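Source file: start31.txt; contents: compact mmCIF, C-alpha atoms.
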# COMPACT_ATOMS: atom_id res chain seq x y z
CA MET V 30 10.52 -8.86 -11.75
CA PHE V 31 13.34 -11.44 -11.55
CA ARG V 32 14.32 -10.20 -8.08
CA ARG V 33 10.74 -10.53 -6.88
CA LEU V 34 10.48 -14.08 -8.25
CA LEU V 35 13.79 -15.02 -6.64
CA LEU V 36 12.68 -13.68 -3.26
CA LEU V 37 9.41 -15.56 -3.51
CA CYS V 38 11.22 -18.81 -4.39
CA ILE V 39 13.70 -18.40 -1.53
CA PHE V 40 10.97 -17.60 0.97
CA SER V 41 8.71 -20.43 -0.24
CA ALA V 42 11.56 -22.93 -0.19
CA ALA V 43 12.47 -21.89 3.32
CA ILE V 44 8.90 -22.48 4.45
CA ILE V 45 8.43 -25.92 2.89
CA THR V 46 11.91 -27.41 3.28
CA PRO V 47 12.10 -29.56 6.41
CA VAL V 48 14.92 -28.37 8.63
CA HIS V 49 15.90 -30.11 11.79
CA ALA V 50 12.38 -29.43 12.97
CA ASP V 51 13.29 -26.22 14.71
CA ASP V 52 10.70 -23.92 13.43
CA GLN V 53 10.87 -22.10 10.11
CA PHE V 54 9.06 -19.04 11.41
CA THR V 55 12.02 -18.23 13.67
CA LYS V 56 14.45 -18.64 10.81
CA ASN V 57 12.60 -16.42 8.34
CA ASN V 58 11.22 -13.83 10.74
CA PRO V 59 13.83 -13.28 13.48
CA ASP V 60 13.14 -10.57 16.05
CA GLY V 61 15.05 -7.34 15.60
CA TYR V 62 14.11 -3.92 14.20
CA LYS V 63 10.47 -4.93 13.92
CA TYR V 64 9.19 -1.80 15.60
CA GLU V 65 11.31 0.34 13.27
CA PHE V 66 10.00 -1.56 10.27
CA ALA V 67 6.36 -1.22 11.36
CA ARG V 68 6.89 2.50 12.03
CA SER V 69 8.36 2.98 8.55
CA TYR V 70 5.52 0.98 7.01
CA ILE V 71 2.79 2.95 8.78
CA THR V 72 4.51 6.25 7.97
CA ALA V 73 4.66 5.19 4.32
CA LEU V 74 0.93 4.39 4.38
CA SER V 75 0.19 7.87 5.73
CA TYR V 76 1.11 9.28 2.32
CA MET V 77 -1.76 7.31 0.83
CA LYS V 78 -4.14 9.54 2.79
CA ASP V 79 -3.70 12.48 0.41
CA ILE V 80 -4.00 10.20 -2.60
CA ASP V 81 -7.20 8.72 -1.18
CA GLU V 82 -8.73 12.14 -0.53
CA ARG V 83 -7.85 13.49 -3.98
CA TRP V 84 -9.96 10.85 -5.67
CA ASN V 85 -12.67 10.25 -3.09
CA LYS V 86 -13.33 13.61 -1.41
CA ASN V 87 -11.92 16.38 -3.59
CA THR V 88 -12.18 14.89 -7.06
CA PRO V 89 -11.55 17.22 -9.99
CA LYS V 90 -14.91 16.18 -11.46
CA LYS V 91 -16.61 17.50 -8.32
CA LEU V 92 -14.49 20.63 -7.93
CA PHE V 93 -14.75 21.68 -11.59
CA ALA V 94 -18.02 20.09 -12.64
CA HIS V 95 -18.90 23.03 -14.88
CA ASP V 96 -15.49 23.67 -16.44
CA LYS V 97 -14.20 20.72 -18.43
CA LEU V 98 -10.77 22.15 -19.24
CA LYS V 99 -10.09 23.07 -15.61
CA MET V 100 -11.24 19.61 -14.58
CA ILE V 101 -8.78 17.99 -16.99
CA LEU V 102 -5.89 20.19 -15.84
CA ALA V 103 -6.71 19.43 -12.19
CA THR V 104 -6.70 15.69 -12.97
CA ILE V 105 -3.29 15.99 -14.63
CA ASN V 106 -1.98 17.86 -11.59
CA ASP V 107 -3.43 15.30 -9.16
CA LEU V 108 -1.79 12.42 -11.03
CA ALA V 109 1.56 14.21 -10.71
CA LEU V 110 0.98 14.75 -6.98
CA ASP V 111 0.05 11.08 -6.59
CA SER V 112 3.33 10.02 -8.16
CA SER V 113 5.25 12.28 -5.77
CA ASP V 114 3.52 10.70 -2.77
CA LEU V 115 4.08 7.20 -4.19
CA LEU V 116 7.80 7.90 -4.53
CA ILE V 117 7.92 8.83 -0.84
CA ILE V 118 6.13 5.58 0.07
CA LYS V 119 8.64 3.64 -2.02
CA HIS V 120 11.56 5.43 -0.35
CA TYR V 121 10.44 4.34 3.14
CA LEU V 122 10.54 0.64 2.16
CA LEU V 123 13.61 0.52 -0.11
CA LYS V 124 16.11 0.10 2.73
CA TYR V 125 14.39 -3.10 3.86
CA LEU V 126 15.05 -4.90 0.56
CA THR V 127 18.36 -6.07 2.01
CA SER V 128 17.04 -6.95 5.46
CA PRO V 129 18.27 -10.26 6.93
CA ASN V 130 14.63 -10.89 7.88
CA MET V 131 13.25 -12.70 4.83
CA LEU V 132 9.60 -11.92 5.60
CA MET V 133 10.41 -8.25 6.11
CA ARG V 134 12.29 -8.27 2.82
CA LYS V 135 9.38 -9.90 0.99
CA VAL V 136 6.91 -7.30 2.31
CA ALA V 137 9.18 -4.45 1.25
CA ASP V 138 9.68 -5.98 -2.19
CA MET V 139 5.94 -6.40 -2.74
CA VAL V 140 5.29 -2.77 -1.87
CA VAL V 141 8.20 -1.38 -3.90
CA VAL V 142 7.18 -3.36 -6.99
CA SER V 143 3.51 -2.39 -6.64
CA ILE V 144 4.32 1.28 -6.12
CA SER V 145 6.62 1.28 -9.15
CA ARG V 146 3.78 -0.14 -11.22
CA GLU V 147 1.40 2.55 -9.96
CA ILE V 148 3.86 5.33 -10.79
CA ALA V 149 4.20 3.95 -14.32
CA ILE V 150 0.41 3.79 -14.65
CA ASN V 151 0.11 7.40 -13.46
CA HIS V 152 2.67 8.53 -16.03
CA GLU V 153 0.79 6.82 -18.85
CA GLU V 154 -2.59 8.10 -17.68
CA LYS V 155 -1.22 11.63 -17.31
CA SER V 156 -0.16 11.53 -20.97
CA LEU V 157 -3.65 10.34 -21.91
CA TRP V 158 -5.26 13.27 -20.08
CA GLU V 159 -2.81 15.74 -21.65
CA ASP V 160 -3.82 14.53 -25.12
CA TRP V 161 -7.48 14.74 -24.11
CA TYR V 162 -6.95 18.34 -22.95
CA ASP V 163 -5.48 19.28 -26.33
CA LEU V 164 -8.39 17.69 -28.18
CA ASN V 165 -10.96 19.52 -26.02
CA ARG V 166 -9.17 22.84 -26.23
CA GLU V 167 -9.14 22.57 -30.01
CA ALA V 168 -12.77 21.37 -30.14
CA GLN V 169 -11.72 18.06 -31.70
CA ALA V 170 -13.02 15.74 -28.97
CA THR V 171 -15.38 13.74 -31.17
CA ARG V 172 -17.66 11.02 -29.82
CA PRO V 173 -15.48 8.15 -31.17
CA LYS V 174 -12.41 9.73 -29.56
CA GLU V 175 -14.31 10.11 -26.29
CA ILE V 176 -15.24 6.42 -26.35
CA GLU V 177 -11.58 5.45 -26.83
CA PHE V 178 -10.56 7.82 -24.05
CA VAL V 179 -13.03 6.22 -21.61
CA LYS V 180 -11.87 2.72 -22.60
CA SER V 181 -8.26 3.68 -21.91
CA GLN V 182 -9.22 5.15 -18.54
CA TYR V 183 -10.99 1.93 -17.59
CA ALA V 184 -7.93 -0.13 -18.54
CA PHE V 185 -5.73 2.04 -16.32
CA GLU V 186 -8.16 1.61 -13.44
CA LEU V 187 -8.05 -2.18 -13.73
CA ARG V 188 -4.26 -2.16 -13.70
CA ARG V 189 -4.23 0.12 -10.67
CA LYS V 190 -6.61 -2.17 -8.77
CA GLU V 191 -4.28 -5.11 -9.36
CA ALA V 192 -1.35 -3.15 -7.95
CA ASP V 193 -3.48 -2.11 -4.96
CA LYS V 194 -4.27 -5.77 -4.22
CA ASP V 195 -0.56 -6.46 -3.82
CA ILE V 196 -0.23 -3.60 -1.33
CA ILE V 197 -3.08 -5.04 0.74
CA GLN V 198 -1.47 -8.50 0.62
CA ALA V 199 1.85 -6.97 1.69
CA THR V 200 0.11 -5.30 4.64
CA VAL V 201 -1.35 -8.63 5.76
CA LEU V 202 2.18 -10.09 5.67
CA MET V 203 3.51 -7.05 7.53
CA THR V 204 1.35 -8.00 10.52
CA LYS V 205 3.11 -11.39 10.50
CA VAL V 206 6.44 -9.56 10.80
CA LEU V 207 5.21 -8.10 14.11
CA MET V 208 4.85 -11.58 15.58
CA SER V 209 7.75 -12.63 17.78
CA ASP V 210 10.11 -15.40 16.70
CA LYS V 211 9.36 -16.97 20.07
CA ASN V 212 6.06 -18.13 18.56
CA LYS V 213 6.99 -21.61 17.37
CA ASN V 214 6.03 -22.48 13.81
CA ASP V 215 3.91 -19.36 13.44
CA LYS V 216 1.82 -20.45 16.47
CA GLY V 217 1.20 -18.28 19.50
CA HIS V 218 0.14 -14.73 20.22
CA LEU V 219 3.30 -12.93 21.28
CA LEU V 220 4.31 -9.71 19.51
CA ALA V 221 7.92 -8.62 19.04
CA ILE V 222 7.19 -5.07 20.25
CA THR V 223 6.66 -3.60 23.71
CA ALA V 224 3.36 -2.20 24.97
CA GLN V 225 4.76 1.33 24.64
CA GLN V 226 5.90 0.71 21.06
CA ARG V 227 2.53 -0.79 20.27
CA GLN V 228 0.76 2.33 21.51
CA LYS V 229 3.11 4.56 19.52
CA LEU V 230 2.25 2.65 16.36
CA LEU V 231 -1.47 3.02 17.11
CA ASP V 232 -1.02 6.75 17.74
CA LYS V 233 0.76 7.05 14.40
CA LEU V 234 -2.02 5.13 12.68
CA ASP V 235 -4.64 7.39 14.28
CA THR V 236 -3.09 10.51 12.70
CA PHE V 237 -4.39 9.47 9.28
CA GLY V 238 -6.55 6.36 9.77
CA GLY V 239 -9.07 7.23 12.45
CA ASP V 240 -10.50 4.47 14.64
CA TYR V 241 -13.92 4.27 13.00
CA LEU V 242 -13.71 1.03 10.99
CA ASP V 243 -14.15 -2.57 12.07
CA TRP V 244 -11.07 -4.78 12.19
CA GLY V 245 -10.05 -6.89 9.21
CA LEU V 246 -10.71 -6.87 5.48
CA LYS V 247 -14.21 -6.12 4.22
CA PRO V 248 -15.76 -6.03 0.74
CA HIS V 249 -15.69 -2.67 -1.06
CA GLN V 250 -13.07 -1.11 1.22
CA ARG V 251 -10.64 1.28 -0.36
CA THR V 252 -6.98 0.29 -0.31
CA LEU V 253 -6.01 2.58 2.55
CA GLU V 254 -9.00 1.50 4.64
CA SER V 255 -8.08 -2.16 4.15
CA CYS V 256 -4.47 -1.59 5.19
CA VAL V 257 -5.42 0.44 8.27
CA CYS V 258 -7.98 -2.15 9.44
CA VAL V 259 -5.54 -5.04 9.07
CA ILE V 260 -2.81 -3.28 11.07
CA ARG V 261 -5.21 -1.95 13.69
CA GLU V 262 -6.52 -5.45 14.40
CA ILE V 263 -3.17 -6.90 15.47
CA LEU V 264 -2.25 -3.78 17.47
CA GLU V 265 -5.57 -3.49 19.31
CA ASP V 266 -6.72 -7.07 19.79
CA SER V 267 -6.03 -8.15 23.38
CA ILE V 268 -5.34 -11.71 22.25
CA TRP V 269 -1.93 -10.42 21.13
CA ILE V 270 0.55 -9.96 23.97
CA SER V 271 3.31 -7.37 23.90
CA ILE V 272 6.84 -8.73 24.42
CA ASP V 273 7.19 -7.04 27.82
CA GLU V 274 3.81 -8.31 29.09
CA LYS V 275 4.36 -12.07 28.81
Go ahead and render the structure in this file as structure tokens.
Amino acid sequence: MFRRLLLLCIFSAAIITPVHADDQFTKNNPDGYKYEFARSYITALSYMKDIDERWNKNTPKKLFAHDKLKMILATINDLALDSSDLLIIKHYLLKYLTSPNMLMRKVADMVVVSISREIAINHEEKSLWEDWYDLNREAQATRPKEIEFVKSQYAFELRRKEADKDIIQATVLMTKVLMSDKNKNDKGHLLAITAQQRQKLLDKLDTFGGDYLDWGLKPHQRTLESCVCVIREILEDSIWISIDEK
């Protein structure tokens, strides 16, 4: 938490402190390894696809609607699988915590912190479901206990939504990383990647986030959908010029 606050203070100070008027965007977001960073970020997001499908397409409640104990065991297993995928996402961004690019570092830090929170939430919720399994197996799942169980589930869901918001915010900042440092004071429409690299990133995005959603953030989007739409907009919009097309 302290590291995250320190990074935020450093980045904020760098933005607001007047420096010899040469632009702050160049200082905090220098070109270099931006394609590699975007590729790592998009690859990390691809692991959210399985998580998204577990809870929106193949939910345990749908698969085992008529067998409560199997449904509970499947939920416990899915939470464990989610944590494994989240660890992989975290791994892809860890190396950028020491990047000389301050904006890149901030994005990585936001994702790593959010993912760590989600893993902790999964661990706690998994324990809740394990206790609920024992109560149901022993026919001790009384109505008052069920009410408390549902309340706890709701609390976990609220915490998870807060962590998801940070991932979406990090993705919005990630698109800023793709902007070239030749854009003075965050103005201009030049990307720091070539046309070929841009297409490769889009191809990677298409493997898990098909091109069927409008650009930008929309109400009621799931986390993965929001992230894909934000990235797709800057990669597809012709207003943005690739570095080798200027």
Item to check | Nearest-residue call for Arg68 of chain V, choices V:Leu126, V:Val136, V:Asn165, V:Tyr121, using all atoms listed in the file | outcome: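 Residue with the minimum atom-to-atom distance to Arg68 of chain V: V:Tyr121.
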Checklist entry - At a cut-off of 6 Å from (-0.5, -0.7, -13.2) in the coordinates of the file, what residues are picked up using all atoms listed in the file, written as a list in words? => result Arg146, Glu147, Ile150, Arg188, Arg189 and Ala192 of chain V
Checklist entry - Using all atoms listed in the file, which of the listed residues (V:Asn151, V:Thr252, V:Thr236, V:Asn130) sits closest to Thr55 of chain V? => result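 Result for the nearest residue to Thr55 of chain V: V:Asn130.
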Per residue of segment 62-102 of chain V within 12 Å of segment 259-271 of chain V, which atom pair is closest and at what distance in Å (one decimal), using all atoms listed in the file, listed by chain and increasing number, as JSON lines?
{"residue": "V:Tyr64", "atom": "CA", "partner": "V:Ser271", "partner_atom": "CA", "distance": 11.6}
{"residue": "V:Ala67", "atom": "CA", "partner": "V:Ile260", "partner_atom": "CA", "distance": 9.4}
{"residue": "V:Arg68", "atom": "CA", "partner": "V:Ile260", "partner_atom": "CA", "distance": 11.3}
{"residue": "V:Tyr70", "atom": "CA", "partner": "V:Ile260", "partner_atom": "CA", "distance": 10.2}
{"residue": "V:Ile71", "atom": "CA", "partner": "V:Ile260", "partner_atom": "CA", "distance": 8.7}
{"residue": "V:Leu74", "atom": "CA", "partner": "V:Ile260", "partner_atom": "CA", "distance": 10.8}
Checklist entry - Between V:Lys63, V:Glu159, V:Ser143, V:Phe54, which is the closest to Ile272 of chain V once you count all atoms listed in the file? => result V:Lys63
Item to check | Atom-to-atom span, atom CA of Ala137 of chain V and atom CA of Lys119 of chain V, Å | outcome: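 Taking atom CA of Ala137 of chain V as the start and atom CA of Lys119 of chain V as the end point, the length is 8.7 Å.
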Next on the checklist: So, with only C-alpha atoms as the atoms that count, which of V:Gln226, V:Asn212, V:Asn106, V:Leu164 lies closest to Lys56 of chain V?
Outcome noted: V:Asn212
Item to check | Atom-to-atom span, atom CA of Lys78 of chain V and atom CA of Ser156 of chain V, Å | outcome: 24.2 Å
Step by step, gather every atom of segment 101-118 of chain V that the file lists, find the box along x, y and z that holds them, add 8 Å on each side, and finally give centre and edge lengths in Å to one decimal, as JSON.
{"center_x": -0.4, "center_y": 12.9, "center_z": -8.5, "size_x": 32.7, "size_y": 30.6, "size_z": 33.1}
Item to check | Gap from atom CA of Asp138 of chain V to atom CA of Leu123 of chain V - Å, one decimal | outcome: 7.9 Å
Checklist entry - Counting only C-alpha atoms, what is within 12 Å of Asp111 of chain V, bar same-chain residues fewer than 6 positions away, as an MDAnalysis selection string? => result chainID V and resid 76:84 104:105 117:118 144 147:152 154:155
Item to check | Best match for closeness to Glu186 of chain V among V:Ala224, V:Glu153, V:Asn58, V:Thr171, counting only C-alpha atoms | outcome: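 The closest residue to Glu186 of chain V is V:Glu153.
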Item to check | Residues near Asp235 of chain V, cut-off 12 Å, all atoms listed in the file, skip fewer than 2 positions along chain, as an NGL selection string | outcome: :V and (71-72 or 74-75 or 78 or 228-233 or 237-242 or 257-258 or 260-261 or 264)
Checklist entry - Of the candidates V:Phe93, V:Leu122, V:Lys190, V:Arg134, which one gets nearest to Gln250 of chain V if we count all atoms listed in the file? => result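 Among the listed residues, V:Lys190 lies closest to Gln250 of chain V.
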Next on the checklist: For Leu202 of chain V, find every residue with an atom within 9 Å (counting only C-alpha atoms), except residues of its own chain fewer than 2 positions away, and show them as a list in words.
Outcome noted: Leu132, Met133, Lys135, Val136, Ile197, Gln198, Ala199, Thr200, Thr204, Lys205 and Val206 of chain V
